[in-house]
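Novice: Have a look at this one.
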Amino acid sequence: MGGQSAAFPLSGQPVAGLLRQIRRFSWIYAPSLPDLAFALRTSLAAIISLLIAMWMELDSPQWAPLTIWVVAQSSRGESLSKARWRIVGTLVGSVAAMALMAAFPQAPGLFFCALALWIGLCCALATLLDQYRAYGLVLTGFTSAIIATGAIAQPDDVFAVSVARSSYIILGVLCEAVLAVLFMPRIVEQARTRLLGRLDETFQATCTTITRQLCMAAGPEQQALTSTLLRRIVAFSGQIEFSALELGPRNHVGDHARRALAGMLVMLAHARALQILHPPMQPPPRPDGPPPGQALAAWLEQDIGPGQADQPTWRPITTALLAEILVVTQEMAACATAPHHDRFRFSLTSRRHVREAVNNGIRAAAAITGAWWIWEITAWHHGPAFISFVALIYGLMATRENPLVATTPFLKGGLWCAATAAVLALWVIPAITAPEILLMALVVPMTVGGLAARRPELAGYAFSFNMFLPVLIGPMNTGRYDEVAFLNNILAFLGSIVFVLLTYRVVIPFRLDVHIRRTTAWIGQRLRNLARLQARTDAPAWLSACAASLVRILFHATALPPQVLGTCLTRQISDMTVGIYIIRLRELLRAGRLPPRTRRVMALFLARWQKGQASPAVAHVLAWAHHEQAHHTDAADHALLGEVIACLTVIAASLHEKPGPATGGR
């Protein structure tokens with residue numbers, strides 16, 4: 001009996017391990033309702049577009065469902081934005097393909113060189129754009145390649161091929177739109193509710209982070225809190241454009257929401273400055289009382305206390321933080337109820353590196369040229385398909401921060417796609433004789449792919465699986481894939497992914513250390529330019545641009561040693577904090593309210609800062625400002641000099657704590 005009792009724990013271990021493995025696939029057998037709705041909606045739209053294309057007897061109906069999976073996104077605003085730019089990119093790419101075919105008749109070398117340059121130019125310019133505007137531009141390039149390679153055997157038919165490809169795109173967009181409307185009623189009310197709810201949650205998280213930050217000393221824990229909040233704000237800021245599309249035309253909800261998020265960044269920067277100047281504060285007595293924004297404001301007002309002749313250094317910073325809390329609250333209220341005759345505008349710009357754009361363009365041009373050489377040397381019958389796949393995959397990866405990281409899961413998803421397509425194309429599809437049976441055969445793998453697309457850890461695999469499954473199956477009205485054609489198509493598809501992966505490793509490969517140095521230099525240059533009296537960059541725009549750049553580095557944080565990442569975060573956050581107080585000094589000088597001598601000293605300081613020569617003089621200017629304030633009896637001048645002292649103190653402390661060479665002001 002004792003032996004049996006001892007065996008029970010051992011026998012339970014394999015069962016527990018098996019249960020853990022089964023739970024890993026719970027996204028298939030127990031999906032959430034939104035995930036299942038997205039997967040079913042997109043799968044039905046893809047299959048319906050395929051059946052319509054076959055009913056219309058189009059020559060390549062598989063491109064219609066590919067468009068569905070490219071356009072379909074989790075939110076309606078994303079789908080609308082991507083569909084709009086996909087149509088524009090397709091039409092422009094069609095015209096470009098016909099122009100290239102007409103410009104280089106009977107000259108394949110010149111034609112492919114011109115095509116490579118055109119695709120490289122599209123990928124380079126797309127690197128300088130945001131969101132799906134970048135996608136529309138790269139789509140222009142790879143659409144040109146797909147149409148041109150599709151008509152290369154019969155150049156006289158390039159117009160017909162162009163019209164056919166454009167028809168597939170428009171058909172796919174229309175099918176996705178119709179199914180989305182049916183599956184997502186009351187889209188405007190739901191979009192506004194989601195936007196306001198997410199704004200409120202982000203504001204509460206900001207207030208909570210600031211409260212915790214002011215009660216602790218600077219260190220790794222504070223950096224982790226700040227990094228988490230920055231990721232959240234930047235990710236939300238990138239999604240606001242889509243929420244505004246869902247709310248309809250002629251509204252400024254997106255502008256107010258972006259300003260509110262930028263104000264949260266300003267609040268975070270003021271809290272960082274307050275942490276430098278103020279000793280650690282005691283937590284508020286009732287954290288579960290009023291809403292976080294009101295609780296934070298009451299807590300800070302209590303810290304300011306009544307007016308005193310000898311005000312503490314941090315008092316102007318606290319006042320600025322309270323003012324920004326009020327601004328954020330007003331902007332959130334404007335999102336809920338738009339003011340009458342609202343014409344408010346607020347846009348953000350993120351980091352743009354011409355060097356990265358050039359590198360991206362060179363890689364794309366080299367890949368197309370290399371693919372053409374492979375076809376020229378091997379005389380492979382599926383060479384045009386190989387080139388079109390290379391162009392398509394480069395277009396899909398061109399706007400990624402690190403395309404090499406995205407290409408690896410894309411390859412793994414392509415292998416799953418090839419295996420599934422082999423079963424369907426060689427055994428299932430030949431036995432189908434009715435459209436209804438085709439729908440039943442495709443709905444299961446497509447639904448599984450749609451569910452995987454909703455899982456962050458599987459999205460990279462699902463990306464290639466969903467898009468290329470219809471293409472590899474290749475359903476046609478008048479024929480079926482034979483084994484040779486199918487294997488050649490699979491070889492062209494998988495070979496193109498491997499080829500793209502190799503070119504990303506060989507042709508100007510992405511290096512994170514170079515990316516960080518380039519970003520640091522860019523921030524340093526902008527930090528110096530903030531001191532120009534003619535500059536128009538304000539604190540929200542400065543912090544939003546820097547936060548976007550910092551989040552891009554955090555995206556690759558797993559590739560950095562902890563010490564290097566900590567140094568990078570400290571330097572970037574320090575520059576962000578310094579920047580808003582350089583802006584404040586510039587605004588004080590531009591307003592002309594400073595005393596005459598202070599105005600001259602601040603003008604000289606900012607001029608030296610712009611040249612990168614002001615850091616050694618910060619301590620001397622700060623000592624002079626203290627001396628000047630002590631000899632001023634006018635209350636207004638005393639308060640203005642107190643604000644100057646607060647700004648200089650934060651700048652001096654931030655430059656002192658920043659590791660390594662400073663990026664600005666030195």
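Residues in the structure tokens are numbered from 1 in each chain, the chains being A, B, ... in the order shown, and ligands are numbered from 1 in the order shown.
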Can you pull out every residue from stretch 443-651 of chain A that DSSP, working from the backbone, puts in alpha helix (DSSP H), and format the result as an MDAnalysis selection string?
Specialist: chainID A and resid 443:453 459:473 483:506 512:529 539:555 562:591 596:610 618:630 635:651
Novice: Which residues are close to A:Phe236, i.e. within 10 Å by only C-alpha atoms, leaving aside same-chain residues fewer than 4 positions away? Reply as a list in words.
Specialist: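 Close residues of A:Phe236: Leu195, Arg198, Leu199, Thr202, Leu230, Arg231, Arg232, Ile240, Glu241, Ala257, Arg258 and Leu261 of chain A.
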Novice: Closest to A:Leu415 among A:Phe389, A:Phe25, A:Ile497, A:Thr140, using only C-alpha atoms?
Specialist: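 When distances to A:Leu415 are compared using only C-alpha atoms, the smallest one comes from A:Ile497.
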Novice: For stretch 511-572 of chain A against stretch 580-583 of chain A, with a cut-off of 10 Å and counting only C-alpha atoms, what is the closest atom pair and its distance in Å to one decimal for every residue that makes the cut, ordered by chain and number, as a Markdown table?
Specialist:
| residue | atom | partner | partner_atom | distance |
| --- | --- | --- | --- | --- |
| A:Leu527 | CA | A:Ile582 | CA | 8.3 |
| A:Arg528 | CA | A:Ile582 | CA | 9.0 |
| A:Asn529 | CA | A:Ile582 | CA | 9.9 |
| A:Leu530 | CA | A:Ile583 | CA | 6.2 |
| A:Ala531 | CA | A:Ile582 | CA | 6.3 |
| A:Arg532 | CA | A:Ile583 | CA | 9.2 |
| A:Leu533 | CA | A:Ile583 | CA | 9.4 |
| A:Ala535 | CA | A:Ile583 | CA | 9.1 |
| A:Arg536 | CA | A:Ile583 | CA | 9.4 |
| A:Thr537 | CA | A:Ile583 | CA | 7.9 |
| A:Asp538 | CA | A:Ile583 | CA | 6.7 |
| A:Ala539 | CA | A:Ile580 | CA | 5.2 |
| A:Pro540 | CA | A:Ile580 | CA | 8.5 |
| A:Ala541 | CA | A:Ile580 | CA | 9.9 |
| A:Trp542 | CA | A:Ile580 | CA | 7.5 |
| A:Leu543 | CA | A:Ile580 | CA | 7.8 |
Novice: Next, dump the selected residues to file, keeping only C-alpha atoms, as an mmCIF file, in the first residue's frame.
Specialist:
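Output (out_20.cif):
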data_model
loop_
_atom_site.group_PDB
_atom_site.id
_atom_site.type_symbol
_atom_site.label_atom_id
_atom_site.label_comp_id
_atom_site.auth_asym_id
_atom_site.auth_seq_id
_atom_site.Cartn_x
_atom_site.Cartn_y
_atom_site.Cartn_z
ATOM 1 C CA LEU A 527 17.653 69.702 -27.462
ATOM 2 C CA ARG A 528 20.106 72.372 -28.544
ATOM 3 C CA ASN A 529 17.655 73.777 -31.096
ATOM 4 C CA LEU A 530 15.028 74.269 -28.376
ATOM 5 C CA ALA A 531 17.011 77.289 -27.167
ATOM 6 C CA ARG A 532 16.417 79.260 -30.374
ATOM 7 C CA LEU A 533 14.038 82.143 -29.761
ATOM 8 C CA ALA A 535 11.721 77.784 -32.226
ATOM 9 C CA ARG A 536 8.058 76.755 -32.054
ATOM 10 C CA THR A 537 8.401 73.355 -30.353
ATOM 11 C CA ASP A 538 6.427 73.352 -27.111
ATOM 12 C CA ALA A 539 6.690 70.982 -24.153
ATOM 13 C CA PRO A 540 3.952 68.511 -25.274
ATOM 14 C CA ALA A 541 5.416 68.154 -28.772
ATOM 15 C CA TRP A 542 8.972 67.762 -27.433
ATOM 16 C CA LEU A 543 8.036 65.095 -24.902
#
Novice: Would you pick out the contacts of A:Arg511 at 12 Å or less, using only C-alpha atoms, so that residues sharing its chain but fewer than 3 positions from it are not included, and give the list as a list in words?
Specialist: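 Everything that qualifies: Glu356, Asn359, Glu401, Asn402, Pro403, Leu404, Val405, Tyr504, Arg505, Val506, Val507, Ile508, Val514, His515, Ile516, Arg517, Arg518, Ile553, His556, Ala559 and Leu560 of chain A.
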Novice: List the spatial neighbours of A:Pro596 as a list in words - criterion: any atom at most 12 Å away, only C-alpha atoms, same-chain residues fewer than 6 positions off excluded.
Specialist: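 Returned residues: Leu589, Met602, Ala603, Glu628, Asp637 and Leu641 of chain A.
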Novice: Those residues with N, CA, C and O atoms, as a short mmCIF file (atom, residue, chain, number, x, y, z; two decimals), in the first residue's frame please?
Specialist:
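As written to disk, again.cif reads:
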data_model
loop_
_atom_site.label_atom_id
_atom_site.label_comp_id
_atom_site.auth_asym_id
_atom_site.auth_seq_id
_atom_site.Cartn_x
_atom_site.Cartn_y
_atom_site.Cartn_z
N LEU A 589 11.87 84.33 -21.66
CA LEU A 589 12.66 85.37 -22.33
C LEU A 589 11.87 86.00 -23.46
O LEU A 589 11.91 87.22 -23.66
N MET A 602 19.92 85.52 -19.49
CA MET A 602 19.23 84.36 -20.04
C MET A 602 19.40 84.27 -21.56
O MET A 602 19.52 83.17 -22.11
N ALA A 603 19.42 85.40 -22.23
CA ALA A 603 19.66 85.39 -23.68
C ALA A 603 21.05 84.85 -23.98
O ALA A 603 21.23 84.05 -24.92
N GLU A 628 20.76 87.52 -7.60
CA GLU A 628 19.88 88.54 -8.16
C GLU A 628 18.52 88.53 -7.47
O GLU A 628 17.94 89.60 -7.20
N ASP A 637 8.96 90.41 -9.89
CA ASP A 637 10.32 90.03 -10.31
C ASP A 637 10.86 88.90 -9.45
O ASP A 637 11.55 87.99 -9.95
N LEU A 641 12.10 85.36 -11.03
CA LEU A 641 13.45 84.85 -10.78
C LEU A 641 13.38 83.50 -10.06
O LEU A 641 14.23 82.63 -10.28
#
Novice: Please provide as a count of residues only all residues within 12 Å of stretch 407-413 of chain A, with the sequence filter that same-chain residues fewer than 6 positions apart are discarded (counting only C-alpha atoms).
Specialist: 40
Novice: Of the residues A:Pro292, A:Pro14, A:Pro316, A:Gly254, which is the one nearest to A:Met332, using only C-alpha atoms?
Specialist: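 For A:Met332, the nearest of the given residues is A:Gly254.
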Novice: Between atom CA of A:Ile362 and atom CA of A:Ala145, measure the distance and give it in Å to one decimal.
Specialist: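 These two atoms are separated by 16.4 Å.
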Novice: Counting only C-alpha atoms, figure out which residue out of A:Pro220, A:Pro284, A:Gly141, A:Gly238 gets nearest to A:Ile119.
Specialist: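 Closest to A:Ile119 of all the choices is A:Gly141.
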Novice: Which residues come within 6 Å of stretch 93-95 of chain A, counting only C-alpha atoms, excluding same-chain residues fewer than 6 positions away, as a VMD selection string?
Specialist: chain A and resid 140 143 to 144 162
Novice: Write out as a ChimeraX atom specification each polymer residue whose atoms come within 7 Å of stretch 109-116 of chain A, counting only C-alpha atoms; drop sequence neighbours fewer than 2 positions from it.
Specialist: /A:100,104,107,118-120,365,368-369
Novice: Could you jot down the atom CA of A:Pro312 to atom CA of A:Leu648 separation for me, Å, one decimal place?
Specialist: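 Those two atoms sit 14.1 Å apart.
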